[in-house]
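Text of the file run-v4.txt, holding compact mmCIF, N, CA, C and O atoms:
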```txt
# COMPACT_ATOMS: atom_id res chain seq x y z
N MET P 703 32.33 -44.59 107.89
CA MET P 703 33.04 -43.38 108.20
C MET P 703 33.93 -43.56 109.43
O MET P 703 35.03 -43.01 109.48
N LYS P 704 33.48 -44.35 110.38
CA LYS P 704 34.25 -44.54 111.60
C LYS P 704 35.60 -45.21 111.33
O LYS P 704 36.60 -44.78 111.92
N PRO P 705 35.69 -46.23 110.47
CA PRO P 705 37.00 -46.84 110.19
C PRO P 705 38.00 -45.85 109.58
O PRO P 705 39.19 -45.90 109.85
N VAL P 706 37.52 -44.90 108.78
CA VAL P 706 38.39 -43.90 108.17
C VAL P 706 38.96 -42.99 109.26
O VAL P 706 40.15 -42.68 109.26
N ARG P 707 38.12 -42.56 110.17
CA ARG P 707 38.59 -41.72 111.28
C ARG P 707 39.61 -42.46 112.15
O ARG P 707 40.61 -41.89 112.56
N LEU P 708 39.32 -43.72 112.42
CA LEU P 708 40.23 -44.53 113.22
C LEU P 708 41.58 -44.67 112.53
O LEU P 708 42.63 -44.52 113.17
N LEU P 709 41.57 -44.92 111.24
CA LEU P 709 42.80 -45.03 110.48
C LEU P 709 43.55 -43.70 110.46
O LEU P 709 44.77 -43.67 110.65
N LEU P 710 42.83 -42.61 110.28
CA LEU P 710 43.46 -41.29 110.27
C LEU P 710 44.10 -40.98 111.62
O LEU P 710 45.23 -40.49 111.68
N CYS P 711 43.42 -41.30 112.70
CA CYS P 711 43.98 -41.07 114.03
C CYS P 711 45.23 -41.92 114.25
O CYS P 711 46.22 -41.46 114.82
N ALA P 712 45.20 -43.16 113.80
CA ALA P 712 46.36 -44.05 113.95
C ALA P 712 47.55 -43.51 113.17
O ALA P 712 48.69 -43.53 113.66
N VAL P 713 47.33 -43.02 111.96
CA VAL P 713 48.41 -42.46 111.14
C VAL P 713 48.98 -41.21 111.81
O VAL P 713 50.19 -41.03 111.86
N MET P 714 48.12 -40.36 112.34
CA MET P 714 48.58 -39.13 112.99
C MET P 714 49.40 -39.45 114.24
O MET P 714 50.43 -38.82 114.49
N LEU P 715 48.96 -40.42 115.01
CA LEU P 715 49.72 -40.79 116.21
C LEU P 715 51.07 -41.40 115.84
O LEU P 715 52.09 -41.13 116.48
N ALA P 716 51.09 -42.21 114.79
CA ALA P 716 52.36 -42.80 114.36
C ALA P 716 53.32 -41.73 113.86
O ALA P 716 54.51 -41.76 114.15
N ALA P 717 52.81 -40.76 113.14
CA ALA P 717 53.66 -39.69 112.61
C ALA P 717 54.19 -38.80 113.73
O ALA P 717 55.29 -38.28 113.65
N ALA P 718 53.44 -38.65 114.79
CA ALA P 718 53.88 -37.82 115.91
C ALA P 718 55.10 -38.40 116.60
O ALA P 718 55.91 -37.68 117.17
N GLY P 719 55.27 -39.72 116.52
CA GLY P 719 56.41 -40.36 117.16
C GLY P 719 57.67 -40.34 116.32
O GLY P 719 58.75 -40.68 116.81
N LEU P 720 57.56 -39.93 115.09
CA LEU P 720 58.73 -39.89 114.21
C LEU P 720 59.54 -38.63 114.46
O LEU P 720 58.98 -37.59 114.77
N PRO P 721 60.85 -38.71 114.31
CA PRO P 721 61.66 -37.49 114.48
C PRO P 721 61.38 -36.51 113.36
O PRO P 721 61.14 -36.89 112.22
N ALA P 722 61.42 -35.25 113.69
CA ALA P 722 61.21 -34.21 112.68
C ALA P 722 62.45 -34.12 111.79
O ALA P 722 63.56 -34.31 112.25
N TRP P 723 62.25 -33.84 110.53
CA TRP P 723 63.37 -33.66 109.61
C TRP P 723 63.84 -32.24 109.76
O TRP P 723 63.31 -31.32 109.15
N ALA P 724 64.80 -32.07 110.63
CA ALA P 724 65.30 -30.73 110.91
C ALA P 724 66.12 -30.21 109.75
O ALA P 724 66.87 -30.95 109.14
N GLN P 725 65.97 -28.96 109.47
CA GLN P 725 66.82 -28.28 108.50
C GLN P 725 67.46 -27.15 109.27
O GLN P 725 66.84 -26.15 109.55
N VAL P 726 68.71 -27.35 109.64
CA VAL P 726 69.43 -26.39 110.46
C VAL P 726 69.86 -25.22 109.58
O VAL P 726 70.53 -25.40 108.57
N SER P 727 69.49 -24.02 109.99
CA SER P 727 69.83 -22.83 109.22
C SER P 727 71.27 -22.41 109.49
O SER P 727 71.92 -22.88 110.43
N ARG P 728 71.75 -21.49 108.68
CA ARG P 728 73.09 -20.94 108.86
C ARG P 728 73.22 -20.30 110.24
O ARG P 728 74.21 -20.50 110.94
N ASP P 729 72.21 -19.55 110.65
CA ASP P 729 72.24 -18.90 111.97
C ASP P 729 72.22 -19.92 113.11
O ASP P 729 72.91 -19.77 114.10
N ASP P 730 71.41 -20.98 112.94
CA ASP P 730 71.36 -22.04 113.95
C ASP P 730 72.72 -22.71 114.09
O ASP P 730 73.17 -22.99 115.20
N ALA P 731 73.39 -22.96 112.96
CA ALA P 731 74.71 -23.58 112.99
C ALA P 731 75.71 -22.69 113.72
O ALA P 731 76.55 -23.18 114.48
N ALA P 732 75.63 -21.40 113.50
CA ALA P 732 76.53 -20.46 114.17
C ALA P 732 76.31 -20.51 115.68
O ALA P 732 77.28 -20.52 116.45
N VAL P 733 75.07 -20.57 116.10
CA VAL P 733 74.76 -20.64 117.53
C VAL P 733 75.29 -21.94 118.14
O VAL P 733 75.88 -21.94 119.22
N VAL P 734 75.09 -23.05 117.43
CA VAL P 734 75.58 -24.35 117.92
C VAL P 734 77.09 -24.31 118.10
O VAL P 734 77.62 -24.73 119.14
N ALA P 735 77.81 -23.82 117.11
CA ALA P 735 79.27 -23.77 117.17
C ALA P 735 79.74 -22.82 118.27
O ALA P 735 80.70 -23.10 118.98
N GLN P 736 79.05 -21.70 118.42
CA GLN P 736 79.42 -20.74 119.45
C GLN P 736 79.23 -21.33 120.84
O GLN P 736 80.09 -21.17 121.71
N ARG P 737 78.15 -22.04 121.04
CA ARG P 737 77.90 -22.67 122.34
C ARG P 737 78.94 -23.75 122.64
O ARG P 737 79.38 -23.90 123.77
N GLU P 738 79.31 -24.50 121.62
CA GLU P 738 80.26 -25.59 121.80
C GLU P 738 81.66 -25.08 122.12
O GLU P 738 82.38 -25.68 122.91
N THR P 739 82.06 -23.99 121.50
CA THR P 739 83.44 -23.51 121.65
C THR P 739 83.58 -22.34 122.60
O THR P 739 84.67 -22.08 123.09
N GLY P 740 82.50 -21.61 122.83
CA GLY P 740 82.57 -20.40 123.64
C GLY P 740 83.26 -19.26 122.92
O GLY P 740 83.63 -18.26 123.52
N GLY P 741 83.44 -19.42 121.61
CA GLY P 741 84.16 -18.41 120.83
C GLY P 741 83.26 -17.52 120.01
O GLY P 741 82.04 -17.54 120.15
N ARG P 742 83.91 -16.76 119.12
CA ARG P 742 83.21 -15.82 118.24
C ARG P 742 83.23 -16.38 116.83
O ARG P 742 84.28 -16.78 116.32
N VAL P 743 82.09 -16.41 116.18
CA VAL P 743 81.97 -16.98 114.84
C VAL P 743 82.59 -16.02 113.82
O VAL P 743 82.27 -14.83 113.80
N LEU P 744 83.47 -16.58 112.99
CA LEU P 744 84.12 -15.80 111.94
C LEU P 744 83.42 -15.97 110.60
O LEU P 744 83.29 -15.02 109.83
N SER P 745 83.02 -17.23 110.30
CA SER P 745 82.35 -17.48 109.02
C SER P 745 81.55 -18.78 109.09
O SER P 745 81.81 -19.64 109.92
N VAL P 746 80.56 -18.87 108.20
CA VAL P 746 79.74 -20.07 108.07
C VAL P 746 79.57 -20.33 106.58
O VAL P 746 79.16 -19.43 105.83
N GLU P 747 79.89 -21.55 106.14
CA GLU P 747 79.69 -21.89 104.74
C GLU P 747 79.18 -23.32 104.63
O GLU P 747 79.43 -24.16 105.49
N ARG P 748 78.45 -23.57 103.55
CA ARG P 748 77.89 -24.90 103.30
C ARG P 748 78.95 -25.77 102.64
O ARG P 748 79.59 -25.34 101.68
N VAL P 749 79.10 -27.02 103.14
CA VAL P 749 80.03 -27.98 102.56
C VAL P 749 79.37 -29.36 102.57
O VAL P 749 78.36 -29.57 103.24
N ASP P 750 79.96 -30.28 101.82
CA ASP P 750 79.56 -31.68 101.87
C ASP P 750 80.68 -32.45 102.54
O ASP P 750 81.84 -32.35 102.13
N ALA P 751 80.36 -33.19 103.58
CA ALA P 751 81.35 -34.00 104.30
C ALA P 751 80.81 -35.41 104.42
O ALA P 751 79.78 -35.63 105.05
N GLY P 752 81.51 -36.33 103.77
CA GLY P 752 81.05 -37.72 103.82
C GLY P 752 79.71 -37.92 103.15
O GLY P 752 78.93 -38.77 103.57
N GLY P 753 79.42 -37.10 102.14
CA GLY P 753 78.15 -37.24 101.43
C GLY P 753 76.97 -36.59 102.13
O GLY P 753 75.84 -36.76 101.71
N ARG P 754 77.24 -35.88 103.21
CA ARG P 754 76.16 -35.22 103.96
C ARG P 754 76.34 -33.71 103.89
O ARG P 754 77.46 -33.21 104.03
N PRO P 755 75.26 -32.98 103.74
CA PRO P 755 75.37 -31.52 103.76
C PRO P 755 75.65 -31.03 105.17
O PRO P 755 75.00 -31.46 106.13
N MET P 756 76.64 -30.18 105.30
CA MET P 756 77.07 -29.66 106.59
C MET P 756 77.28 -28.16 106.51
O MET P 756 77.47 -27.61 105.43
N TRP P 757 77.26 -27.53 107.67
CA TRP P 757 77.71 -26.16 107.80
C TRP P 757 79.12 -26.22 108.37
O TRP P 757 79.36 -26.88 109.37
N ARG P 758 80.06 -25.52 107.74
CA ARG P 758 81.43 -25.41 108.24
C ARG P 758 81.52 -24.05 108.91
O ARG P 758 81.44 -23.01 108.26
N VAL P 759 81.66 -24.08 110.24
CA VAL P 759 81.65 -22.85 111.03
C VAL P 759 83.06 -22.62 111.57
O VAL P 759 83.61 -23.46 112.28
N LYS P 760 83.64 -21.48 111.21
CA LYS P 760 84.97 -21.11 111.70
C LYS P 760 84.77 -20.17 112.88
O LYS P 760 84.04 -19.19 112.80
N VAL P 761 85.44 -20.52 114.00
CA VAL P 761 85.28 -19.80 115.26
C VAL P 761 86.65 -19.45 115.81
O VAL P 761 87.59 -20.24 115.69
N VAL P 762 86.77 -18.29 116.44
CA VAL P 762 87.98 -17.95 117.18
C VAL P 762 87.63 -18.01 118.66
O VAL P 762 86.65 -17.41 119.11
N THR P 763 88.42 -18.78 119.42
CA THR P 763 88.16 -18.96 120.84
C THR P 763 88.71 -17.78 121.64
O THR P 763 89.42 -16.93 121.11
N GLY P 764 88.42 -17.76 122.92
CA GLY P 764 88.92 -16.72 123.81
C GLY P 764 90.44 -16.71 123.91
O GLY P 764 91.04 -15.69 124.22
N ARG P 765 91.07 -17.84 123.60
CA ARG P 765 92.53 -17.94 123.62
C ARG P 765 93.16 -17.55 122.30
O ARG P 765 94.37 -17.65 122.13
N GLY P 766 92.33 -17.18 121.35
CA GLY P 766 92.84 -16.79 120.04
C GLY P 766 93.03 -17.94 119.07
O GLY P 766 93.56 -17.74 117.98
N GLU P 767 92.59 -19.13 119.45
CA GLU P 767 92.70 -20.29 118.57
C GLU P 767 91.54 -20.29 117.58
O GLU P 767 90.40 -20.02 117.95
N VAL P 768 91.85 -20.61 116.33
CA VAL P 768 90.80 -20.73 115.32
C VAL P 768 90.41 -22.20 115.22
O VAL P 768 91.26 -23.06 115.04
N ARG P 769 89.12 -22.45 115.38
CA ARG P 769 88.60 -23.82 115.29
C ARG P 769 87.54 -23.89 114.21
O ARG P 769 86.85 -22.90 113.93
N VAL P 770 87.43 -25.07 113.60
CA VAL P 770 86.39 -25.32 112.62
C VAL P 770 85.45 -26.37 113.19
O VAL P 770 85.89 -27.43 113.64
N VAL P 771 84.17 -26.07 113.19
CA VAL P 771 83.15 -26.98 113.68
C VAL P 771 82.23 -27.31 112.51
O VAL P 771 81.74 -26.40 111.84
N LEU P 772 82.00 -28.60 112.28
CA LEU P 772 81.06 -29.02 111.25
C LEU P 772 79.73 -29.31 111.92
O LEU P 772 79.67 -30.07 112.89
N VAL P 773 78.67 -28.71 111.41
CA VAL P 773 77.32 -28.89 111.95
C VAL P 773 76.47 -29.55 110.88
O VAL P 773 76.31 -29.02 109.77
N ASP P 774 75.93 -30.72 111.18
CA ASP P 774 75.09 -31.47 110.26
C ASP P 774 73.81 -30.67 110.00
O ASP P 774 73.12 -30.26 110.93
N MET P 775 73.51 -30.43 108.73
CA MET P 775 72.34 -29.62 108.37
C MET P 775 71.02 -30.30 108.71
O MET P 775 70.01 -29.62 108.91
N ALA P 776 71.01 -31.62 108.77
CA ALA P 776 69.77 -32.33 109.05
C ALA P 776 69.52 -32.51 110.55
O ALA P 776 68.39 -32.45 110.99
N THR P 777 70.59 -32.72 111.33
CA THR P 777 70.41 -33.06 112.74
C THR P 777 70.87 -31.98 113.71
O THR P 777 70.45 -31.98 114.86
N GLY P 778 71.77 -31.11 113.27
CA GLY P 778 72.32 -30.10 114.17
C GLY P 778 73.46 -30.61 115.03
O GLY P 778 74.00 -29.88 115.84
N GLN P 779 73.84 -31.87 114.82
CA GLN P 779 74.95 -32.44 115.59
C GLN P 779 76.28 -31.96 115.02
O GLN P 779 76.39 -31.68 113.84
N THR P 780 77.28 -31.89 115.89
CA THR P 780 78.60 -31.39 115.46
C THR P 780 79.57 -32.53 115.28
O THR P 780 79.42 -33.61 115.81
N ARG P 781 80.61 -32.20 114.50
CA ARG P 781 81.74 -33.12 114.29
C ARG P 781 83.00 -32.33 114.49
O ARG P 781 83.12 -31.19 114.25
```

Have the structure of the file written as structure tokens, please.
Amino acid sequence: MKPVRLLLCAVMLAAAGLPAWAQVSRDDAAVVAQRETGGRVLSVERVDAGGRPMWRVKVVTGRGEVRVVLVDMATGQTR
């Protein structure tokens, strides 16, 4: 029984060091884009960019410029 517990503990510790598979929601993507641009979110839609699922967030800045921010659905990183 002890080897099974030891193996289970080792697997749990190894899994704890792995990055979580984030699934960024539409609302999370809006917040990310808003923080990056300081603007107001106009729309959020799902797109594929380079074979990766992304959120396409359209934002209007304080200067009246419309910007598009792509937010990776898995990582939350922007392009």

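For the pair CA of Arg737 (chain P) and CA of Val761 (chain P), the interatomic distance is 10.6 Å.
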
query = Which is closer to Val759 (chain P) than all the others in P:Ser727, P:Thr739, P:Thr780, P:Ser745, using only N, CA, C and O atoms?
reply = P:Ser745

ask   = Pick the closest to Leu744 (chain P) from P:Gln725, P:Gly778, P:Lys760, P:Val771: which is it, counting all atoms listed in the file?
value =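 Distance minimum relative to Leu744 (chain P) lands on P:Lys760.
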
request  = Mind giving me the straight-line distance from CA of Glu767 (chain P) to CA of Val726 (chain P) in Å, one decimal?
outcome  =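 So the answer is 25.4 Å.
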
Point-to-point distance in Å for CA of Gly752 (chain P) and CA of Gly766 (chain P) =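 One can read the CA of Gly766 (chain P) to CA of Gly752 (chain P) distance as 29.0 Å.
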
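Shortest separation to Gly764 (chain P) among P:Gly741, P:Val746, P:Val734, P:Asp729 occurs at residue P:Gly741, atoms counted being all atoms listed in the file.
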
Minimum-distance residue to Val770 (chain P), chosen among P:Pro755, P:Arg748, P:Gly740, P:Ala735 (using only C-alpha atoms) = P:Ala735

Nearest residue to Asp730 (chain P) from the set P:Arg765, P:Trp757, P:Arg781, P:Arg742 (distances using only C-alpha atoms) =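 Using only C-alpha atoms, Asp730 (chain P) sits closest to P:Trp757.
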
My structure is short of atoms at region 767-778 of chain P; please model all heavy atoms there, returning them as a PDB file, in the coordinates of the input.
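For reference, selection.pdb as written:
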```pdb
ATOM      1  N   GLU P 767      92.590 -19.130 119.450  1.00  0.00           N
ATOM      2  CA  GLU P 767      92.700 -20.290 118.570  1.00  0.00           C
ATOM      3  C   GLU P 767      91.540 -20.290 117.580  1.00  0.00           C
ATOM      4  O   GLU P 767      90.400 -20.020 117.950  1.00  0.00           O
ATOM      5  CB  GLU P 767      92.651 -21.592 119.383  1.00  0.00           C
ATOM      6  CG  GLU P 767      93.745 -21.708 120.410  1.00  0.00           C
ATOM      7  CD  GLU P 767      93.498 -22.853 121.373  1.00  0.00           C
ATOM      8  OE1 GLU P 767      92.343 -23.258 121.564  1.00  0.00           O
ATOM      9  OE2 GLU P 767      94.496 -23.322 121.941  1.00  0.00           O
ATOM     10  N   VAL P 768      91.850 -20.610 116.330  1.00  0.00           N
ATOM     11  CA  VAL P 768      90.800 -20.730 115.320  1.00  0.00           C
ATOM     12  C   VAL P 768      90.410 -22.200 115.220  1.00  0.00           C
ATOM     13  O   VAL P 768      91.260 -23.060 115.040  1.00  0.00           O
ATOM     14  CB  VAL P 768      91.280 -20.203 113.942  1.00  0.00           C
ATOM     15  CG1 VAL P 768      90.209 -20.432 112.895  1.00  0.00           C
ATOM     16  CG2 VAL P 768      91.619 -18.723 114.047  1.00  0.00           C
ATOM     17  N   ARG P 769      89.120 -22.450 115.380  1.00  0.00           N
ATOM     18  CA  ARG P 769      88.600 -23.820 115.290  1.00  0.00           C
ATOM     19  C   ARG P 769      87.540 -23.890 114.210  1.00  0.00           C
ATOM     20  O   ARG P 769      86.850 -22.900 113.930  1.00  0.00           O
ATOM     21  CB  ARG P 769      87.961 -24.240 116.613  1.00  0.00           C
ATOM     22  CG  ARG P 769      88.961 -24.427 117.728  1.00  0.00           C
ATOM     23  CD  ARG P 769      88.363 -25.042 118.966  1.00  0.00           C
ATOM     24  NE  ARG P 769      87.577 -26.228 118.680  1.00  0.00           N
ATOM     25  CZ  ARG P 769      86.680 -26.736 119.521  1.00  0.00           C
ATOM     26  NH1 ARG P 769      86.465 -26.165 120.686  1.00  0.00           N
ATOM     27  NH2 ARG P 769      85.997 -27.814 119.199  1.00  0.00           N
ATOM     28  N   VAL P 770      87.430 -25.070 113.600  1.00  0.00           N
ATOM     29  CA  VAL P 770      86.390 -25.320 112.620  1.00  0.00           C
ATOM     30  C   VAL P 770      85.450 -26.370 113.190  1.00  0.00           C
ATOM     31  O   VAL P 770      85.890 -27.430 113.640  1.00  0.00           O
ATOM     32  CB  VAL P 770      86.982 -25.800 111.276  1.00  0.00           C
ATOM     33  CG1 VAL P 770      85.875 -26.217 110.325  1.00  0.00           C
ATOM     34  CG2 VAL P 770      87.831 -24.693 110.667  1.00  0.00           C
ATOM     35  N   VAL P 771      84.170 -26.070 113.190  1.00  0.00           N
ATOM     36  CA  VAL P 771      83.150 -26.980 113.680  1.00  0.00           C
ATOM     37  C   VAL P 771      82.230 -27.310 112.510  1.00  0.00           C
ATOM     38  O   VAL P 771      81.740 -26.400 111.840  1.00  0.00           O
ATOM     39  CB  VAL P 771      82.343 -26.345 114.827  1.00  0.00           C
ATOM     40  CG1 VAL P 771      81.245 -27.287 115.323  1.00  0.00           C
ATOM     41  CG2 VAL P 771      83.259 -25.929 115.975  1.00  0.00           C
ATOM     42  N   LEU P 772      82.000 -28.600 112.280  1.00  0.00           N
ATOM     43  CA  LEU P 772      81.060 -29.020 111.250  1.00  0.00           C
ATOM     44  C   LEU P 772      79.730 -29.310 111.920  1.00  0.00           C
ATOM     45  O   LEU P 772      79.670 -30.070 112.890  1.00  0.00           O
ATOM     46  CB  LEU P 772      81.552 -30.266 110.516  1.00  0.00           C
ATOM     47  CG  LEU P 772      82.792 -30.086 109.667  1.00  0.00           C
ATOM     48  CD1 LEU P 772      83.219 -31.434 109.069  1.00  0.00           C
ATOM     49  CD2 LEU P 772      82.560 -29.080 108.569  1.00  0.00           C
ATOM     50  N   VAL P 773      78.670 -28.710 111.410  1.00  0.00           N
ATOM     51  CA  VAL P 773      77.320 -28.890 111.950  1.00  0.00           C
ATOM     52  C   VAL P 773      76.470 -29.550 110.880  1.00  0.00           C
ATOM     53  O   VAL P 773      76.310 -29.020 109.770  1.00  0.00           O
ATOM     54  CB  VAL P 773      76.697 -27.547 112.394  1.00  0.00           C
ATOM     55  CG1 VAL P 773      75.306 -27.768 112.946  1.00  0.00           C
ATOM     56  CG2 VAL P 773      77.591 -26.842 113.403  1.00  0.00           C
ATOM     57  N   ASP P 774      75.930 -30.720 111.180  1.00  0.00           N
ATOM     58  CA  ASP P 774      75.090 -31.470 110.260  1.00  0.00           C
ATOM     59  C   ASP P 774      73.810 -30.670 110.000  1.00  0.00           C
ATOM     60  O   ASP P 774      73.120 -30.260 110.930  1.00  0.00           O
ATOM     61  CB  ASP P 774      74.744 -32.831 110.857  1.00  0.00           C
ATOM     62  CG  ASP P 774      74.080 -33.759 109.873  1.00  0.00           C
ATOM     63  OD1 ASP P 774      72.989 -33.409 109.376  1.00  0.00           O
ATOM     64  OD2 ASP P 774      74.649 -34.828 109.600  1.00  0.00           O
ATOM     65  N   MET P 775      73.510 -30.430 108.730  1.00  0.00           N
ATOM     66  CA  MET P 775      72.340 -29.620 108.370  1.00  0.00           C
ATOM     67  C   MET P 775      71.020 -30.300 108.710  1.00  0.00           C
ATOM     68  O   MET P 775      70.010 -29.620 108.910  1.00  0.00           O
ATOM     69  CB  MET P 775      72.357 -29.277 106.880  1.00  0.00           C
ATOM     70  CG  MET P 775      73.451 -28.303 106.518  1.00  0.00           C
ATOM     71  SD  MET P 775      73.466 -27.929 104.759  1.00  0.00           S
ATOM     72  CE  MET P 775      72.182 -26.696 104.692  1.00  0.00           C
ATOM     73  N   ALA P 776      71.010 -31.620 108.770  1.00  0.00           N
ATOM     74  CA  ALA P 776      69.770 -32.330 109.050  1.00  0.00           C
ATOM     75  C   ALA P 776      69.520 -32.510 110.550  1.00  0.00           C
ATOM     76  O   ALA P 776      68.390 -32.450 110.990  1.00  0.00           O
ATOM     77  CB  ALA P 776      69.795 -33.701 108.378  1.00  0.00           C
ATOM     78  N   THR P 777      70.590 -32.720 111.330  1.00  0.00           N
ATOM     79  CA  THR P 777      70.410 -33.060 112.740  1.00  0.00           C
ATOM     80  C   THR P 777      70.870 -31.980 113.710  1.00  0.00           C
ATOM     81  O   THR P 777      70.450 -31.980 114.860  1.00  0.00           O
ATOM     82  CB  THR P 777      71.197 -34.338 113.079  1.00  0.00           C
ATOM     83  OG1 THR P 777      72.587 -34.080 112.949  1.00  0.00           O
ATOM     84  CG2 THR P 777      70.767 -35.499 112.205  1.00  0.00           C
ATOM     85  N   GLY P 778      71.770 -31.110 113.270  1.00  0.00           N
ATOM     86  CA  GLY P 778      72.320 -30.100 114.170  1.00  0.00           C
ATOM     87  C   GLY P 778      73.460 -30.610 115.030  1.00  0.00           C
ATOM     88  O   GLY P 778      74.000 -29.880 115.840  1.00  0.00           O
TER      89      GLY P 778
END
```
